[in-house]
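Participant: Here's a structure for you.
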Amino acid sequence: MTEKRIDGKAFAARLRERIGERAAEFAAKAGRKPGLAVVLVGEDPASHVYVRNKHKATVEAGMESFEHRLPAETSQDALLDLVEQLNLDDKVDGILVQLPLPDHLDEQSVIAAIAPDKDVDGFHVVNAGRLATGGEGFVPCTPYGCIMLLKDRLGDLSGKDAVVIGRSNIVGKPMAQLLLNENATVTIAHSRTKDLPEVVRRADIVVAAVGRAEMVKGDWIKPGAVVIDVGINRIERGEGEKARLVGDVDYAGAEENASAITPVPGGVGPMTIAVLLRNTLVAAHRREGLAFEEAGL
Ligand SMILES: Nc1nc(=O)c2c([nH]1)NC[C@@H]1CN(c3ccc(C(=O)N[C@@H](CCC(=O)O)C(=O)O)cc3)C=[N+]21
């Protein structure tokens, strides 16, 4: 029998390896490596950890990583100037501006300044619109990674009852779009949803993306459902001790009922980075006018 625990870390490692092979093929044809630029403003420790992990994964996959670390007091104009410079740089296929930005910066206008064909996060309105209307764009990394894990376990998702808890632009909404594209019957639940436990109990697929530690309880899960936990909540421990990471789902409780469930850490998080590399590879092919073979990735 397959294990209940969905090993996102191992799945992502295999995916990154295949991406690495494709990146080498790209480099042989194009005479350059795919390039990803990551912009980090300020000193948020968690953001620094993510950016370091992204850099390492990018280089390991045979891609060029351009890191731009800017001080917390960077002005809106200076950040927009950097984005424009990256838009014009032919070696840069993908641009990621790490969120959240410091309070004095306007995230929406920074995202709007990224060229849509380099927006490997899939956050630009043009890419959100393409996802909603069926065009060729970039899909946000976390939801796409969740779809890959779901299809790996369930195969065809058509006709499945899916409940997405959370309606953010970066996870909940694109997650719902992707599930709809897979012909699932999709409910988006949120803080105003009436009787959330009852709504979740109907679901064959539960995607939790609310950012509240262990909010989804084990007895909300229908027997046999597949549970995808997008939450990464830091529970601080004592002085000098590392924070503990927990998801939005009570793992121990949910595992009893679920047929499959992602852990935190080691579930969705590593998939996000692997899909970022995938999107960068796609961007590189499109920008060079080379065909990208979807099969096998
Ligand atoms: N423009 C932008 N794009 C993003 O994709 C983006 C962002 N901003 N801001 C922050 C969030 C968060 N995010 C994660 C990526 C990997 C892990 C990951 O690999 N997590 C490990 C644990 C890492 C740890 O120990 O902290 C795991 O879940 O196993 C987590 C979170 C990307 N984000």
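By convention here, the chains of the structure tokens are called A, B, ... in the order presented, each chain's residues are numbered starting at 1, and ligands are numbered starting at 1 in the order presented.
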Compile the contact shell of region 80-82 of chain A as a list in words: residues with an atom at most 9 Å away, counting only C-alpha atoms, same-chain residues fewer than 2 positions apart removed.

Facilitator: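 That gives Val39, His68, Ser75, Gln76, Asp77, Ala78, Glu84, Gln85, Leu86, Asn87, Ser109, Val110, Ala113 and Ile114 of chain A.
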
Participant: DSSP on the backbone: what in region 102-224 of chain A comes out alpha helix (DSSP H), as a VMD selection string?

Facilitator: chain A and resid 107 to 113 125 to 133 141 to 154 172 to 181 196 to 201

Participant: Please extract the residues at most 7 Å from ligand 1, counting only C-alpha atoms and all ligand atoms, and provide them as a list in words, using the chain letters and residue numbers of this document.

Facilitator: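 Here is the list of contacting residues: Lys9, Ala46, Ser47, Val49, Tyr50, Leu96, Val97, Gln98, Leu99, Pro100, Asp121, Cys141, Thr142, Ile232, Val264, Pro265, Gly266, Gly267, Val268, Gly269, Pro270, Thr272 and Ile273 of chain A.
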
Participant: Using only C-alpha atoms, which residues sit within 10 Å of region 251-260 of chain A once same-chain residues fewer than 5 positions away are excluded, as an mmCIF file with C-alpha atoms, in the first residue's frame?

Facilitator:
```
data_model
loop_
_atom_site.group_PDB
_atom_site.id
_atom_site.type_symbol
_atom_site.label_atom_id
_atom_site.label_comp_id
_atom_site.auth_asym_id
_atom_site.auth_seq_id
_atom_site.Cartn_x
_atom_site.Cartn_y
_atom_site.Cartn_z
ATOM 1 C CA THR A 2 1.216 3.504 -0.701
ATOM 2 C CA GLU A 3 2.112 5.574 2.291
ATOM 3 C CA LYS A 4 -0.440 8.127 3.496
ATOM 4 C CA ARG A 5 2.227 10.771 3.886
ATOM 5 C CA ILE A 6 2.851 12.579 0.587
ATOM 6 C CA LEU A 150 -2.844 15.617 -6.323
ATOM 7 C CA ARG A 153 -2.036 10.390 -6.036
ATOM 8 C CA LEU A 154 -5.459 10.554 -7.664
ATOM 9 C CA ASP A 204 -12.694 14.526 -1.696
ATOM 10 C CA ILE A 205 -9.841 17.046 -1.914
ATOM 11 C CA VAL A 206 -9.058 19.567 0.837
ATOM 12 C CA GLU A 214 -3.665 23.537 12.885
ATOM 13 C CA VAL A 216 -8.428 22.245 10.188
ATOM 14 C CA LYS A 217 -9.314 19.428 12.569
ATOM 15 C CA GLY A 218 -9.090 15.696 11.972
ATOM 16 C CA ASP A 219 -12.838 15.082 12.263
ATOM 17 C CA TRP A 220 -13.523 17.574 9.423
ATOM 18 C CA ILE A 221 -11.875 15.184 6.963
ATOM 19 C CA LYS A 222 -14.074 12.755 5.036
ATOM 20 C CA PRO A 223 -12.715 9.198 5.168
ATOM 21 C CA GLY A 224 -10.477 8.690 2.127
ATOM 22 C CA ALA A 225 -10.064 12.388 1.292
ATOM 23 C CA VAL A 226 -6.718 13.769 0.090
ATOM 24 C CA VAL A 227 -5.443 16.681 2.191
ATOM 25 C CA ILE A 228 -2.979 19.291 0.888
ATOM 26 C CA ASP A 229 -1.629 21.580 3.593
ATOM 27 C CA VAL A 246 3.235 23.523 11.593
#
```

Participant: Mind checking which residues fall within 10 Å of Val275 (chain A), counting only C-alpha atoms, ignoring those fewer than 3 positions away in the same chain, and posting them as a PDB file with C-alpha atoms, in the first residue's frame?

Facilitator:
```
ATOM      1  CA  ALA A  12      10.344  17.996  -5.696  1.00  0.00           C
ATOM      2  CA  LEU A  15      11.305  17.108 -10.475  1.00  0.00           C
ATOM      3  CA  ARG A  16      14.341  19.373 -10.006  1.00  0.00           C
ATOM      4  CA  ILE A  19      14.422  20.192 -14.854  1.00  0.00           C
ATOM      5  CA  VAL A 120       7.590  33.280 -13.145  1.00  0.00           C
ATOM      6  CA  ASP A 121       5.567  33.758  -9.929  1.00  0.00           C
ATOM      7  CA  VAL A 139       0.775  29.706 -13.085  1.00  0.00           C
ATOM      8  CA  PRO A 140       1.615  30.551  -9.444  1.00  0.00           C
ATOM      9  CA  CYS A 141       4.154  28.022  -8.151  1.00  0.00           C
ATOM     10  CA  THR A 142       2.499  26.824  -4.951  1.00  0.00           C
ATOM     11  CA  PRO A 143      -0.903  25.945  -6.446  1.00  0.00           C
ATOM     12  CA  TYR A 144       0.712  24.281  -9.451  1.00  0.00           C
ATOM     13  CA  GLY A 145       2.860  22.178  -7.115  1.00  0.00           C
ATOM     14  CA  MET A 148       1.098  17.916  -9.348  1.00  0.00           C
ATOM     15  CA  PRO A 270       9.692  22.212  -1.574  1.00  0.00           C
ATOM     16  CA  MET A 271       7.280  21.881  -4.526  1.00  0.00           C
ATOM     17  CA  THR A 272       6.985  25.688  -4.688  1.00  0.00           C
ATOM     18  CA  ARG A 278      10.053  24.837 -14.040  1.00  0.00           C
ATOM     19  CA  ASN A 279       8.460  28.210 -14.814  1.00  0.00           C
ATOM     20  CA  THR A 280      11.898  29.735 -15.361  1.00  0.00           C
ATOM     21  CA  LEU A 281      12.727  26.951 -17.819  1.00  0.00           C
ATOM     22  CA  LEU A 297       7.805  17.254 -16.323  1.00  0.00           C
TER      23      LEU A 297
END
```

Participant: I'd like the contact shell of Lys173 (chain A) - 12 Å cut-off, only C-alpha atoms, skipping same-chain residues fewer than 2 positions apart - returned as a PyMOL selection string.

Facilitator: chain A and resi 123+128-129+131-132+139-140+142-144+163-171+175-180+186-190+207+209-210

Participant: Would you put the residues from that selection into a file with C-alpha atoms, as an mmCIF file, in the first residue's frame?

Facilitator:
```
data_model
loop_
_atom_site.group_PDB
_atom_site.id
_atom_site.type_symbol
_atom_site.label_atom_id
_atom_site.label_comp_id
_atom_site.auth_asym_id
_atom_site.auth_seq_id
_atom_site.Cartn_x
_atom_site.Cartn_y
_atom_site.Cartn_z
ATOM 1 C CA PHE A 123 1.333 37.137 -9.908
ATOM 2 C CA ALA A 128 -3.926 35.807 -13.513
ATOM 3 C CA GLY A 129 -6.188 36.714 -16.431
ATOM 4 C CA LEU A 131 -5.153 31.432 -16.010
ATOM 5 C CA ALA A 132 -8.779 32.485 -15.622
ATOM 6 C CA VAL A 139 0.775 29.706 -13.085
ATOM 7 C CA PRO A 140 1.615 30.551 -9.444
ATOM 8 C CA THR A 142 2.499 26.824 -4.951
ATOM 9 C CA PRO A 143 -0.903 25.945 -6.446
ATOM 10 C CA TYR A 144 0.712 24.281 -9.451
ATOM 11 C CA VAL A 163 -12.677 22.551 -1.085
ATOM 12 C CA VAL A 164 -10.052 25.291 -1.035
ATOM 13 C CA ILE A 165 -9.856 27.057 2.315
ATOM 14 C CA GLY A 166 -8.446 30.543 1.757
ATOM 15 C CA ARG A 167 -8.962 33.070 -1.038
ATOM 16 C CA SER A 168 -5.611 34.816 -1.448
ATOM 17 C CA ASN A 169 -4.444 35.960 -4.875
ATOM 18 C CA ILE A 170 -1.278 33.882 -4.605
ATOM 19 C CA VAL A 171 -2.720 30.566 -3.438
ATOM 20 C CA MET A 175 -5.677 26.943 -6.743
ATOM 21 C CA ALA A 176 -9.419 27.045 -7.367
ATOM 22 C CA GLN A 177 -8.852 27.974 -11.035
ATOM 23 C CA LEU A 178 -6.448 25.083 -11.546
ATOM 24 C CA LEU A 179 -8.823 22.594 -9.909
ATOM 25 C CA LEU A 180 -11.619 23.903 -12.112
ATOM 26 C CA VAL A 186 -14.705 23.593 -6.546
ATOM 27 C CA THR A 187 -15.812 25.376 -3.389
ATOM 28 C CA ILE A 188 -13.761 28.292 -2.043
ATOM 29 C CA ALA A 189 -14.233 28.627 1.709
ATOM 30 C CA HIS A 190 -12.973 31.527 3.832
ATOM 31 C CA VAL A 207 -6.536 22.355 0.212
ATOM 32 C CA ALA A 209 -4.252 27.835 2.713
ATOM 33 C CA VAL A 210 -5.347 30.120 5.524
#
```

Participant: Tell me which protein, DNA and RNA residues are within 8 Å of Pro71 (chain A), counting only C-alpha atoms, leaving out same-chain ones fewer than 5 positions away, and put them as an MDAnalysis selection string.

Facilitator: chainID A and resid 41:43

Participant: Write the residues you've just listed into a file as a CSV table (one decimal), in the first residue's frame, and include C-alpha atoms for each of them.

Facilitator:
```csv
chain,number,residue,atom,x,y,z
A,41,VAL,CA,14.2,43.9,0.1
A,42,GLY,CA,14.9,44.1,3.8
A,43,GLU,CA,15.9,41.8,6.6
```

Participant: Give me the residues within 7 Å of region 57-64 of chain A as a PDB file with C-alpha atoms, in the first residue's frame, counting only C-alpha atoms and dropping any in the same chain fewer than 6 places off.

Facilitator:
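Result saved to result-v4.pdb:
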```pdb
ATOM      1  CA  ARG A  16      14.341  19.373 -10.006  1.00  0.00           C
ATOM      2  CA  GLU A  17      16.554  16.651 -11.414  1.00  0.00           C
ATOM      3  CA  ILE A  19      14.422  20.192 -14.854  1.00  0.00           C
ATOM      4  CA  GLY A  20      18.209  20.145 -14.577  1.00  0.00           C
ATOM      5  CA  ALA A  23      18.132  23.132 -18.535  1.00  0.00           C
ATOM      6  CA  ALA A  24      21.306  21.510 -19.891  1.00  0.00           C
ATOM      7  CA  LYS A  33      21.741  28.973 -19.190  1.00  0.00           C
ATOM      8  CA  PRO A  34      18.181  29.859 -18.126  1.00  0.00           C
ATOM      9  CA  GLY A  35      18.405  32.802 -15.714  1.00  0.00           C
ATOM     10  CA  LEU A  36      16.366  33.642 -12.623  1.00  0.00           C
ATOM     11  CA  LEU A 277      12.507  26.475 -11.649  1.00  0.00           C
TER      12      LEU A 277
END
```

Participant: As a PyMOL selection string, list the residues of region 71-218 of chain A assigned to strand (DSSP E or B) by DSSP on the backbone atoms of this structure.

Facilitator: chain A and resi 94-97+161-165+185-189+205-208+216

Participant: Given the selection you just returned, output its residues as a file containing C-alpha atoms, formatted as a compact mmCIF listing (two decimals), in the first residue's frame.

Facilitator:
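Done, and the output landed in result_8.txt:
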```txt
# COMPACT_ATOMS: atom_id res chain seq x y z
CA GLY A 94 12.43 35.00 -14.74
CA ILE A 95 12.00 37.73 -12.13
CA LEU A 96 10.82 37.07 -8.58
CA VAL A 97 10.38 39.90 -6.10
CA ASP A 161 -15.40 17.62 -4.84
CA ALA A 162 -12.60 20.02 -3.91
CA VAL A 163 -12.68 22.55 -1.09
CA VAL A 164 -10.05 25.29 -1.03
CA ILE A 165 -9.86 27.06 2.32
CA THR A 185 -16.23 20.75 -8.52
CA VAL A 186 -14.70 23.59 -6.55
CA THR A 187 -15.81 25.38 -3.39
CA ILE A 188 -13.76 28.29 -2.04
CA ALA A 189 -14.23 28.63 1.71
CA ILE A 205 -9.84 17.05 -1.91
CA VAL A 206 -9.06 19.57 0.84
CA VAL A 207 -6.54 22.36 0.21
CA ALA A 208 -5.83 24.41 3.34
CA VAL A 216 -8.43 22.24 10.19
```
